[in-house]
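> Handing over query_37.txt, compact mmCIF, C-alpha atoms.
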```
# COMPACT_ATOMS: atom_id res chain seq x y z
CA MET A 1 48.38 -20.15 -88.59
CA GLN A 2 46.41 -23.40 -88.55
CA GLN A 3 46.18 -25.02 -85.12
CA PHE A 4 46.59 -28.78 -84.57
CA HIS A 5 45.95 -30.83 -81.43
CA LEU A 6 46.33 -34.45 -80.46
CA ALA A 7 43.19 -36.49 -79.76
CA SER A 8 42.93 -38.04 -76.31
CA LYS A 9 43.46 -41.78 -75.89
CA ASP A 10 39.73 -42.28 -75.28
CA GLN A 11 38.81 -40.28 -78.40
CA THR A 12 41.25 -42.27 -80.51
CA MET A 13 39.92 -45.59 -79.22
CA ALA A 14 36.31 -44.51 -79.80
CA ARG A 15 37.14 -43.47 -83.37
CA SER A 16 38.95 -46.75 -83.95
CA ASP A 17 36.00 -48.75 -82.60
CA ASN A 18 33.59 -46.84 -84.84
CA ILE A 19 35.71 -47.49 -87.93
CA SER A 20 35.93 -51.15 -87.01
CA GLY A 21 32.16 -51.29 -86.54
CA ILE A 22 31.46 -49.66 -89.89
CA GLN A 23 33.76 -52.18 -91.53
CA THR A 24 31.51 -54.91 -90.12
CA LEU A 25 28.68 -53.62 -92.32
CA PHE A 26 30.84 -54.17 -95.38
CA GLN A 27 31.81 -57.75 -94.74
CA PRO A 28 30.29 -60.21 -97.24
CA ILE A 29 27.50 -62.47 -96.07
CA THR A 30 26.35 -65.74 -97.60
CA ALA A 31 22.61 -66.24 -97.36
CA GLY A 32 21.27 -69.33 -99.07
CA ASP A 33 22.81 -69.75 -102.51
CA ILE A 34 24.21 -66.23 -102.82
CA THR A 35 27.10 -64.33 -101.27
CA PHE A 36 26.14 -60.68 -100.84
CA PRO A 37 28.93 -58.08 -100.80
CA ASN A 38 27.76 -56.18 -97.72
CA ARG A 39 25.17 -56.09 -94.95
CA VAL A 40 23.52 -52.82 -95.92
CA TRP A 41 20.39 -54.07 -97.68
CA MET A 42 17.61 -52.09 -99.32
CA ALA A 43 14.14 -52.78 -97.92
CA PRO A 44 11.10 -53.06 -100.22
CA LEU A 45 9.68 -49.59 -100.81
CA THR A 46 6.34 -48.93 -102.48
CA ARG A 47 6.69 -45.74 -104.54
CA SER A 48 3.50 -45.92 -106.68
CA ARG A 49 5.07 -44.95 -109.98
CA SER A 50 4.28 -47.90 -112.23
CA ALA A 51 2.53 -47.33 -115.55
CA ALA A 52 -1.19 -46.94 -114.86
CA ASP A 53 -2.09 -49.00 -117.91
CA GLY A 54 -0.80 -52.49 -117.14
CA ASN A 55 1.08 -51.89 -113.86
CA GLU A 56 4.39 -52.18 -115.69
CA GLN A 57 7.84 -50.80 -114.93
CA THR A 58 9.63 -48.23 -117.07
CA ALA A 59 13.11 -46.91 -117.82
CA LEU A 60 12.64 -44.57 -114.85
CA HIS A 61 12.40 -47.57 -112.53
CA ALA A 62 15.53 -49.05 -114.08
CA LEU A 63 17.44 -45.87 -113.29
CA TYR A 64 16.06 -45.71 -109.73
CA TYR A 65 17.12 -49.26 -108.87
CA ALA A 66 20.47 -49.05 -110.68
CA GLN A 67 21.33 -45.96 -108.62
CA ARG A 68 20.94 -48.13 -105.49
CA ALA A 69 22.87 -51.16 -106.74
CA GLY A 70 25.51 -50.64 -104.05
CA ALA A 71 23.15 -52.30 -101.56
CA GLY A 72 24.15 -55.80 -100.49
CA LEU A 73 20.72 -56.81 -101.77
CA ILE A 74 17.86 -54.79 -103.21
CA VAL A 75 14.42 -56.14 -102.35
CA SER A 76 12.04 -54.75 -104.94
CA GLU A 77 8.96 -52.76 -104.15
CA ALA A 78 6.04 -55.03 -103.31
CA THR A 79 4.86 -56.63 -106.56
CA GLN A 80 1.40 -58.17 -106.91
CA ILE A 81 1.22 -61.81 -107.95
CA SER A 82 -2.18 -61.39 -109.60
CA GLN A 83 -4.73 -58.73 -110.37
CA GLN A 84 -6.64 -59.89 -107.30
CA GLY A 85 -3.51 -59.18 -105.24
CA GLN A 86 -3.41 -55.45 -106.02
CA GLY A 87 -4.47 -52.98 -103.35
CA TYR A 88 -2.89 -49.64 -104.29
CA ALA A 89 -2.83 -47.50 -107.41
CA TRP A 90 0.26 -47.57 -109.64
CA THR A 91 1.98 -50.57 -108.05
CA PRO A 92 3.73 -53.14 -110.28
CA GLY A 93 2.72 -56.69 -111.07
CA ILE A 94 4.63 -59.82 -112.06
CA HIS A 95 1.71 -61.84 -113.45
CA SER A 96 1.60 -60.76 -117.11
CA ASP A 97 4.17 -61.25 -119.85
CA ALA A 98 4.32 -57.49 -120.39
CA GLN A 99 5.11 -56.98 -116.71
CA VAL A 100 7.88 -59.56 -116.91
CA ASP A 101 9.40 -57.76 -119.88
CA SER A 102 9.20 -54.43 -118.06
CA TRP A 103 10.99 -55.85 -115.02
CA LYS A 104 13.81 -57.07 -117.30
CA LEU A 105 14.72 -53.40 -117.79
CA VAL A 106 15.20 -53.14 -114.04
CA THR A 107 17.06 -56.37 -113.37
CA ASP A 108 19.40 -55.80 -116.32
CA ALA A 109 20.19 -52.29 -115.07
CA VAL A 110 20.88 -53.51 -111.54
CA HIS A 111 23.09 -56.34 -112.72
CA ASP A 112 24.98 -54.05 -115.09
CA ALA A 113 25.68 -51.82 -112.07
CA GLY A 114 26.99 -54.82 -110.10
CA GLY A 115 23.96 -55.28 -107.85
CA ARG A 116 21.62 -58.07 -106.79
CA ILE A 117 17.83 -57.86 -106.63
CA PHE A 118 15.01 -60.06 -105.30
CA CYS A 119 11.36 -59.63 -106.27
CA GLN A 120 8.99 -59.22 -103.35
CA LEU A 121 5.85 -61.26 -104.08
CA TRP A 122 2.71 -59.56 -102.77
CA HIS A 123 -0.99 -60.25 -102.31
CA VAL A 124 -2.72 -57.58 -100.21
CA GLY A 125 -5.82 -59.64 -99.43
CA ALA A 126 -8.47 -57.47 -97.81
CA VAL A 127 -6.41 -54.28 -97.97
CA SER A 128 -7.77 -53.47 -101.42
CA HIS A 129 -10.89 -52.16 -103.14
CA PRO A 130 -13.27 -53.53 -105.78
CA VAL A 131 -11.80 -51.08 -108.31
CA PHE A 132 -8.67 -53.26 -108.39
CA GLN A 133 -10.44 -56.62 -108.36
CA PRO A 134 -11.32 -58.70 -111.43
CA GLY A 135 -14.93 -57.99 -112.31
CA GLY A 136 -15.16 -55.36 -109.56
CA LYS A 137 -15.74 -58.06 -106.95
CA ALA A 138 -15.05 -57.73 -103.24
CA PRO A 139 -11.47 -58.19 -102.04
CA VAL A 140 -10.59 -61.50 -100.38
CA SER A 141 -9.09 -62.50 -97.04
CA SER A 142 -8.91 -65.37 -94.60
CA SER A 143 -12.33 -64.33 -93.26
CA ALA A 144 -14.92 -61.65 -93.78
CA TRP A 145 -13.18 -58.50 -92.58
CA THR A 146 -13.18 -54.76 -93.21
CA PRO A 147 -9.76 -53.13 -92.79
CA LYS A 148 -9.53 -49.82 -91.00
CA GLY A 149 -8.56 -46.74 -92.96
CA GLU A 150 -8.87 -46.06 -96.65
CA ALA A 151 -7.70 -47.60 -99.89
CA PHE A 152 -5.37 -45.58 -102.10
CA VAL A 153 -7.09 -45.62 -105.50
CA GLY A 154 -5.31 -42.64 -107.04
CA ASP A 155 -7.26 -41.29 -110.02
CA LEU A 156 -9.18 -44.53 -110.64
CA LEU A 157 -12.29 -43.22 -108.86
CA PRO A 158 -13.75 -39.70 -108.93
CA ASP A 159 -13.85 -39.44 -105.12
CA GLY A 160 -10.21 -40.57 -104.74
CA PRO A 161 -7.31 -40.57 -104.21
CA THR A 162 -8.42 -42.46 -101.08
CA VAL A 163 -11.76 -44.11 -100.36
CA PRO A 164 -12.95 -46.26 -97.42
CA HIS A 165 -12.13 -49.95 -97.50
CA GLU A 166 -15.03 -52.29 -98.17
CA GLU A 167 -15.65 -55.64 -96.51
CA ALA A 168 -13.58 -58.50 -97.84
CA ARG A 169 -14.97 -62.00 -98.16
CA ALA A 170 -13.39 -65.26 -97.04
CA LEU A 171 -11.53 -67.30 -99.64
CA THR A 172 -13.01 -70.72 -100.33
CA ARG A 173 -10.81 -73.81 -100.09
CA ASP A 174 -10.54 -74.04 -103.88
CA GLU A 175 -9.66 -70.35 -104.10
CA ILE A 176 -6.84 -70.85 -101.59
CA ASP A 177 -5.37 -73.43 -103.95
CA SER A 178 -5.68 -70.90 -106.79
CA VAL A 179 -3.85 -68.26 -104.77
CA ILE A 180 -1.03 -70.71 -104.09
CA GLU A 181 -0.81 -71.34 -107.83
CA ASP A 182 -0.63 -67.58 -108.37
CA TYR A 183 2.41 -67.47 -106.08
CA ARG A 184 3.96 -70.34 -108.02
CA HIS A 185 3.29 -68.58 -111.32
CA ALA A 186 4.77 -65.34 -109.99
CA ALA A 187 7.95 -67.14 -108.92
CA ARG A 188 8.38 -68.52 -112.45
CA HIS A 189 7.83 -65.06 -113.86
CA ALA A 190 10.36 -63.53 -111.44
CA ALA A 191 12.97 -65.95 -112.71
CA LYS A 192 12.11 -65.07 -116.32
CA ALA A 193 12.41 -61.39 -115.47
CA GLY A 194 15.99 -61.93 -114.29
CA PHE A 195 15.58 -61.55 -110.54
CA ASP A 196 18.21 -63.26 -108.40
CA GLY A 197 15.50 -64.60 -106.11
CA VAL A 198 12.19 -63.75 -104.45
CA GLU A 199 11.03 -62.53 -101.09
CA LEU A 200 7.62 -63.74 -99.93
CA HIS A 201 5.70 -60.81 -98.49
CA ALA A 202 4.02 -62.45 -95.50
CA ALA A 203 4.02 -59.25 -93.46
CA ASN A 204 2.33 -55.93 -92.71
CA GLY A 205 -1.20 -57.26 -92.35
CA TYR A 206 -1.54 -58.43 -95.96
CA LEU A 207 -3.03 -61.72 -97.14
CA ILE A 208 -0.72 -64.32 -95.58
CA ASP A 209 -0.58 -62.27 -92.38
CA GLN A 210 -4.40 -62.13 -92.44
CA PHE A 211 -4.36 -65.92 -92.16
CA MET A 212 -1.71 -65.84 -89.43
CA ARG A 213 -3.29 -63.20 -87.22
CA SER A 214 -5.95 -64.32 -84.79
CA GLY A 215 -7.61 -60.91 -84.89
CA VAL A 216 -8.56 -61.45 -88.54
CA ASN A 217 -8.72 -65.21 -89.06
CA SER A 218 -11.99 -66.67 -87.77
CA ARG A 219 -12.04 -69.73 -90.05
CA THR A 220 -13.12 -73.11 -88.72
CA ASP A 221 -11.43 -75.29 -91.36
CA GLU A 222 -7.81 -76.46 -91.57
CA PHE A 223 -6.67 -72.87 -92.13
CA GLY A 224 -8.18 -71.42 -88.94
CA GLY A 225 -8.40 -71.82 -85.21
CA SER A 226 -5.15 -73.28 -83.91
CA LEU A 227 -1.78 -71.63 -84.47
CA GLU A 228 -0.72 -74.59 -86.59
CA ASN A 229 -3.73 -74.06 -88.85
CA ARG A 230 -3.24 -70.30 -89.12
CA LEU A 231 0.36 -70.86 -90.24
CA ARG A 232 -0.65 -73.48 -92.80
CA LEU A 233 -0.93 -71.12 -95.79
CA LEU A 234 2.54 -69.71 -95.09
CA GLY A 235 4.02 -73.20 -95.21
CA MET A 236 2.11 -74.20 -98.33
CA VAL A 237 3.17 -71.10 -100.24
CA ILE A 238 6.81 -71.67 -99.31
CA GLU A 239 6.54 -75.27 -100.52
CA ALA A 240 5.12 -74.04 -103.83
CA LEU A 241 7.84 -71.43 -104.28
CA SER A 242 10.51 -74.02 -103.45
CA GLU A 243 9.22 -76.22 -106.25
CA GLU A 244 9.83 -73.38 -108.72
CA LEU A 245 13.07 -71.88 -107.38
CA PRO A 246 16.01 -73.14 -105.31
CA ALA A 247 15.13 -72.65 -101.65
CA GLY A 248 18.40 -70.77 -101.22
CA ARG A 249 17.02 -68.01 -103.43
CA ILE A 250 13.87 -67.47 -101.37
CA GLY A 251 13.49 -65.06 -98.46
CA VAL A 252 10.47 -64.32 -96.25
CA ARG A 253 9.36 -61.06 -94.65
CA LEU A 254 7.33 -61.02 -91.40
CA THR A 255 6.06 -58.30 -89.07
CA PRO A 256 5.09 -59.36 -85.54
CA ILE A 257 3.38 -56.06 -84.70
CA GLY A 258 1.68 -53.43 -86.86
CA GLY A 259 0.62 -53.31 -90.47
CA ALA A 260 -2.02 -52.11 -92.90
CA GLY A 261 -5.71 -52.20 -92.04
CA GLY A 262 -5.33 -52.38 -88.27
CA SER A 263 -5.04 -56.16 -88.08
CA HIS A 264 -3.53 -57.72 -84.96
CA ASP A 265 -2.65 -61.01 -83.34
CA GLU A 266 -3.58 -61.73 -79.74
CA LYS A 267 -0.28 -63.46 -78.96
CA PRO A 268 2.41 -62.26 -81.37
CA GLU A 269 5.08 -63.47 -78.95
CA GLU A 270 3.86 -67.01 -79.74
CA THR A 271 2.71 -66.68 -83.35
CA TYR A 272 5.79 -65.19 -84.95
CA PRO A 273 8.50 -67.29 -83.29
CA ALA A 274 6.37 -70.29 -84.34
CA ALA A 275 6.31 -68.93 -87.90
CA ALA A 276 10.11 -68.61 -87.82
CA LYS A 277 10.39 -72.20 -86.65
CA LEU A 278 8.05 -73.33 -89.43
CA LEU A 279 10.36 -71.67 -91.97
CA SER A 280 13.51 -73.19 -90.49
CA GLY A 281 15.05 -76.35 -91.90
CA ARG A 282 13.92 -75.61 -95.46
CA GLY A 283 17.19 -74.15 -96.76
CA LEU A 284 15.71 -70.66 -97.22
CA ALA A 285 18.06 -67.75 -97.86
CA TYR A 286 16.88 -65.46 -95.09
CA LEU A 287 14.15 -64.27 -92.77
CA HIS A 288 13.51 -60.52 -92.97
CA VAL A 289 11.69 -59.14 -89.94
CA VAL A 290 10.23 -55.67 -89.44
CA ARG A 291 10.44 -54.31 -85.91
CA ALA A 292 7.59 -52.64 -84.05
CA THR A 293 8.70 -49.07 -84.65
CA ASP A 294 5.78 -47.51 -82.77
CA HIS A 295 6.49 -49.14 -79.41
CA GLY A 296 8.64 -47.16 -76.99
CA GLY A 297 12.37 -46.95 -76.77
CA ALA A 298 15.09 -44.92 -78.42
CA ASP A 299 18.45 -45.48 -80.07
CA GLY A 300 17.14 -48.45 -82.00
CA GLU A 301 15.42 -50.12 -79.01
CA ARG A 302 11.82 -51.34 -79.03
CA SER A 303 11.41 -53.40 -75.87
CA ASP A 304 8.41 -55.63 -76.64
CA GLY A 305 8.77 -56.09 -80.39
CA ASP A 306 12.52 -56.62 -80.18
CA ALA A 307 12.04 -59.40 -77.65
CA ILE A 308 9.92 -61.20 -80.25
CA LEU A 309 12.66 -60.68 -82.85
CA LYS A 310 15.17 -62.29 -80.49
CA ASP A 311 12.99 -65.40 -80.24
CA MET A 312 12.41 -65.44 -83.99
CA ARG A 313 16.15 -65.32 -84.64
CA ALA A 314 16.68 -68.21 -82.23
CA ASN A 315 14.05 -70.27 -84.09
CA PHE A 316 15.35 -69.71 -87.63
CA ASP A 317 18.43 -71.40 -89.05
CA GLY A 318 19.19 -69.04 -91.95
CA ALA A 319 20.36 -65.45 -92.25
CA PHE A 320 18.33 -63.03 -90.13
CA ILE A 321 17.69 -59.55 -91.53
CA ALA A 322 16.37 -56.75 -89.29
CA ASN A 323 14.44 -53.73 -90.56
CA GLY A 324 12.64 -50.82 -88.96
CA ASN A 325 14.02 -47.37 -88.06
CA LEU A 326 17.55 -48.62 -87.48
CA SER A 327 20.37 -46.14 -87.99
CA PRO A 328 23.80 -47.20 -89.26
CA GLU A 329 24.99 -47.08 -85.66
CA ASP A 330 22.12 -49.33 -84.59
CA ALA A 331 22.97 -51.72 -87.42
CA ILE A 332 26.57 -51.98 -86.26
CA ARG A 333 25.41 -52.78 -82.73
CA TRP A 334 22.77 -55.30 -83.79
CA ILE A 335 25.27 -57.22 -85.89
CA ALA A 336 27.97 -57.01 -83.20
CA GLU A 337 25.51 -58.39 -80.64
CA ASP A 338 24.48 -61.18 -83.04
CA ARG A 339 20.90 -59.91 -83.17
CA ALA A 340 20.99 -59.76 -86.97
CA ASP A 341 23.22 -60.78 -89.85
CA ALA A 342 22.32 -57.77 -92.00
CA VAL A 343 20.08 -54.71 -91.75
CA ALA A 344 17.61 -53.49 -94.36
CA PHE A 345 17.23 -49.72 -94.67
CA GLY A 346 14.13 -48.09 -96.12
CA ARG A 347 13.68 -44.32 -96.07
CA GLN A 348 17.45 -43.84 -95.96
CA PHE A 349 17.72 -45.51 -99.37
CA ILE A 350 14.97 -43.31 -100.80
CA SER A 351 16.96 -40.13 -100.25
CA ASN A 352 20.47 -41.61 -100.43
CA PRO A 353 20.88 -43.73 -103.56
CA ASP A 354 24.52 -44.36 -102.60
CA LEU A 355 23.72 -45.10 -98.95
CA PRO A 356 26.47 -47.72 -98.43
CA ALA A 357 29.13 -45.27 -99.62
CA ARG A 358 27.75 -42.56 -97.34
CA ILE A 359 27.71 -44.91 -94.35
CA ALA A 360 31.28 -45.95 -95.08
CA GLN A 361 32.48 -42.36 -94.74
CA GLY A 362 30.07 -41.31 -91.98
CA GLY A 363 27.73 -39.20 -94.13
CA PRO A 364 26.53 -36.64 -95.05
CA TYR A 365 22.97 -37.80 -95.70
CA ASN A 366 20.32 -36.26 -97.94
CA GLU A 367 17.09 -35.22 -96.26
CA PRO A 368 14.05 -37.10 -97.66
CA ASP A 369 11.24 -35.25 -99.39
CA TYR A 370 8.20 -36.93 -97.86
CA ASP A 371 5.80 -35.24 -100.28
CA THR A 372 7.28 -37.23 -103.18
CA PHE A 373 7.33 -40.68 -101.57
CA TYR A 374 4.21 -41.92 -103.38
CA GLY A 375 3.21 -41.16 -106.94
CA GLY A 376 4.68 -38.66 -109.36
CA GLY A 377 7.65 -38.90 -111.67
CA ALA A 378 11.38 -38.33 -111.55
CA HIS A 379 11.37 -35.65 -108.84
CA GLY A 380 11.96 -37.17 -105.44
CA TYR A 381 12.66 -40.49 -107.14
CA VAL A 382 15.85 -40.39 -109.20
CA ASP A 383 17.12 -36.84 -108.54
CA TYR A 384 18.61 -37.24 -105.06
CA PRO A 385 22.29 -36.38 -105.45
CA ALA A 386 25.10 -38.87 -105.09
CA LEU A 387 28.27 -38.04 -103.20
CA GLY A 388 30.31 -35.42 -104.97
CA ALA A 389 27.39 -34.18 -107.05
CA VAL A 390 27.42 -30.51 -107.96
CA ASN A 391 24.39 -28.22 -107.50
CA ASP A 392 22.59 -30.65 -105.21
CA PRO A 393 18.85 -30.26 -105.97
CA LEU A 394 17.77 -31.56 -102.55
CA PRO A 395 18.99 -30.53 -99.07
CA VAL A 396 21.75 -32.42 -97.32
CA LYS A 397 22.02 -32.62 -93.55
```
Can you give me the file's structure in the form of C-alpha cells?

Amino acid sequence: MQQFHLASKDQTMARSDNISGIQTLFQPITAGDITFPNRVWMAPLTRSRSAADGNEQTALHALYYAQRAGAGLIVSEATQISQQGQGYAWTPGIHSDAQVDSWKLVTDAVHDAGGRIFCQLWHVGAVSHPVFQPGGKAPVSSSAWTPKGEAFVGDLLPDGPTVPHEEARALTRDEIDSVIEDYRHAARHAAKAGFDGVELHAANGYLIDQFMRSGVNSRTDEFGGSLENRLRLLGMVIEALSEELPAGRIGVRLTPIGGAGGSHDEKPEETYPAAAKLLSGRGLAYLHVVRATDHGGADGERSDGDAILKDMRANFDGAFIANGNLSPEDAIRWIAEDRADAVAFGRQFISNPDLPARIAQGGPYNEPDYDTFYGGGAHGYVDYPALGAVNDPLPVK
C-alpha cells in the first residue's frame, strides 16, 4: 500500500517560497524599447561552427538558436564586425552581404519560434593572429601588446589548431575612426539581417576593453592615460551605434575582471563603475556584466568582483543583466535582492535548449559535453534532448 505523509509547516513554506521565487524569473521585463517575456536570458556563446569559407551561418545554426527561443533574450555568439576583428577559426561575421543573408536564416527561425535575438558585435583586437588579418598583417590594439596564450586557428595553419599569439600594433588615430565606422556598418547589417537589436562586446579583454584597461593601454593621445581617455572609444562607438539604431535596442557587455590574453586593469573598482556611468543617460536597453568567476566564494558569491557589479548597477540607469556561473537559485536571489533585473545563462543553455522550461519545473538538467563545445557539427550542438524526449542521446542529471 502506498504511504502518504504531510509535509511540515517549514517544508511547506520553503516550497512555497521557492515556487514564488521561480515565478519571479518568468515575469516580463522591459529593457529599452522591448518587453522581454522572462528574465532567463541566453548569454553569447562562441561555438566555432560557422562555414570556413566566408564565416557564414547555416541551417544548423538556425536550428540551434530556434531550439533556445524560450530565452527572454538570445544574445548571439560573438560576431566580428570586420575581417580585422576576427580572432578565432570558424566564428561568424556580420560585415559581408553573404553573412547578412546567412544570419537571416537564424533570425527568421528564432522569430518563428517566438523568440528575440540581439547580435553581439565583436572586434577581438590583439587576441588574433595574422592568418585572420587582411593581407596577413599584425593584429591591432590600443598599444603594442602580445596577449598571453595561443590563438585558435583551427586548420588554417599546419601547426594548428593553436599557435602562439604575435605582437599587436597600436591603431593610428585614423584607423580608430575606421574601426568606429566598422561598428556603424555592422549595426546597419544587423538590422538588415533581422536582429531585434545589438549588444556591443566591450568585454573579456577584446579591443574596446584593451583601450579601457590600464595594463594594456599605454597611449599618450586622447585615447590613453587618464580614465576618461581610456573610456573614450567606448563612448564613441556607442554614439555611432545610436546613430544607426534606436538606443533602446542597444546593450553593452563589460567584464571588470578576467578575459582573453591575460589583460588587466590596475583599478577595476574605479574603471568599470565609471564605464557604467558613461553609458548611463543614453537610453540604452541594458548593461550586461560578467562576474569574476575565478575569485573565491560559493553559492553564487564572488566577494571582490561582485562588489564592483554592485557599484556598476548603481551607476547605470537601464536594465542590469548579470552573468557568470549563476545557478537558477542564484538568479532568483540576485533579482530578489535587486542586484540584477535578469540573469544570462551560458553553459546551461548549451546543454539545455529548453532551459526556461526546465527551470520552471525544477529540472532535470542535461549534462554538458565539454568536448563538443568548440568546432564540429550537429553532435553536442543541436542534439541535446528537450523535456519529454525519448531515447535521450546525452546524459541527464
> Using all atoms listed in the file for the distances, tell me which of A:Ala51, A:Gln67, A:Leu171, A:Glu166 is nearest to Leu387 of chain A.
A:Gln67
> For segment 55-58 of chain A, please output as a list in words all residues within 6 Å (counting all atoms listed in the file; exclusion window: fewer than 2 positions along the same chain).
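Counting all atoms listed in the file, the residues come to Ser50, Ala51, Ala52, Asp53, Leu60, His61, Pro92, Gly93, Gln99, Ser102 and Trp103 of chain A.
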> Of the candidates A:Ser96, A:Asn204, A:Thr255, A:Asn352, which shows the shortest atom-to-atom distance to Met42 of chain A, using all atoms listed in the file?
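The closest residue to Met42 of chain A is A:Asn352.
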> As a PyMOL selection string, please: the residues near Leu233 of chain A (cut-off 7 Å, only C-alpha atoms, same-chain neighbours under 3 positions excluded).
chain A and resi 208+236-237
> Using all atoms listed in the file, can you list as a PyMOL selection string the residues within 10 Å of (18.5, -37.9, -102.7)?
chain A and resi 348-355+365-369+379-387+392-396
> Which of these residues is nearest to Glu270 of chain A, using all atoms listed in the file: A:Ile81, A:Arg249, A:Thr372, A:Leu309?
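Closest to Glu270 of chain A of all the choices is A:Leu309.
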> Could you please determine the separation between atom CA of Lys104 of chain A and atom CA of Gln27 of chain A in Å, to one decimal place?
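Rounded to one decimal, the two atoms are 28.9 Å apart.
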> Can you pull out the residues contacting Leu287 of chain A? Cut-off 9 Å, using only C-alpha atoms, and skip same-chain residues under 2 positions away; I want them as a list in words.
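Non-adjacent residues within range: Gly251, Val252, Arg253, Leu254, Ala276, Leu279, Leu284, Ala285, Val289, Arg313, Phe316, Gly318, Ala319, Phe320, Ile321 and Ala322 of chain A.
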> Could you tell me how far atom CA of Gly54 of chain A lies from atom CA of Gly154 of chain A, in Å and to one decimal?
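Atom-to-atom, atom CA of Gly54 of chain A and atom CA of Gly154 of chain A are spaced 14.8 Å apart.
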> Between atom CA of Arg188 of chain A and atom CA of Leu245 of chain A, what distance in Å does the model show, to one decimal?
7.7 Å
> Could you check the closest approach to Gly205 of chain A for each of A:Ser280, A:Gln80, A:Ser263, A:Ser226 and tell me which residue wins, using all atoms listed in the file?
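Using all atoms listed in the file, the shortest distance to Gly205 of chain A belongs to A:Ser263.
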> Need to verify the contact set: Glu228 of chain A, 10 Å, all atoms listed in the file, exclusion of same-chain residues closer than 6 positions in sequence. Can you return it as a ChimeraX atom specification?
/A:212,222,235,271,274-275,278
> Limited to C-alpha atoms, could you put the picked residues into a file as a tab-separated table (two decimals), in the frame of the given file?

```tsv
chain	number	residue	atom	x	y	z
A	212	MET	CA	-1.71	-65.84	-89.43
A	222	GLU	CA	-7.81	-76.46	-91.57
A	235	GLY	CA	4.02	-73.20	-95.21
A	271	THR	CA	2.71	-66.68	-83.35
A	274	ALA	CA	6.37	-70.29	-84.34
A	275	ALA	CA	6.31	-68.93	-87.90
A	278	LEU	CA	8.05	-73.33	-89.43
```
> With distances taken over all atoms listed in the file, which of A:Gly32, A:Pro147, A:Pro44, A:Pro164 is nearest to Gly283 of chain A?
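Using all atoms listed in the file, the shortest distance to Gly283 of chain A belongs to A:Gly32.
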> Find the spatial neighbours of Gln120 of chain A, counting all atoms listed in the file, within a cut-off of 7 Å - ignore same-chain residues fewer than 6 positions away - and output them as a PDB file with C-alpha atoms, in the frame of the given file.

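To be explicit, this is the file written out as around-v2.pdb:
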```pdb
ATOM      1  CA  VAL A  75      14.420 -56.140-102.350  1.00  0.00           C
ATOM      2  CA  SER A  76      12.040 -54.750-104.940  1.00  0.00           C
ATOM      3  CA  GLU A  77       8.960 -52.760-104.150  1.00  0.00           C
ATOM      4  CA  ALA A  78       6.040 -55.030-103.310  1.00  0.00           C
ATOM      5  CA  THR A  79       4.860 -56.630-106.560  1.00  0.00           C
ATOM      6  CA  VAL A 198      12.190 -63.750-104.450  1.00  0.00           C
ATOM      7  CA  GLU A 199      11.030 -62.530-101.090  1.00  0.00           C
ATOM      8  CA  LEU A 200       7.620 -63.740 -99.930  1.00  0.00           C
ATOM      9  CA  HIS A 201       5.700 -60.810 -98.490  1.00  0.00           C
TER      10      HIS A 201
END
```
> Let me make sure I understand: among A:Asp330, A:Ile257, A:Glu239, A:Tyr286, which one has the smallest atom-to-atom distance to Ala307 of chain A if we use only C-alpha atoms?
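Using only C-alpha atoms, Ala307 of chain A sits closest to A:Ile257.
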> Report, as lines of an AutoDock Vina configuration file, the axis-aligned box around all atoms of segment 158-161 of chain A present in the file, extended by 8 Å on each side; give centre and edge lengths in Å to one decimal place.

```
center_x = -10.6
center_y = -40.0
center_z = -106.6
size_x = 22.5
size_y = 17.1
size_z = 20.7
```
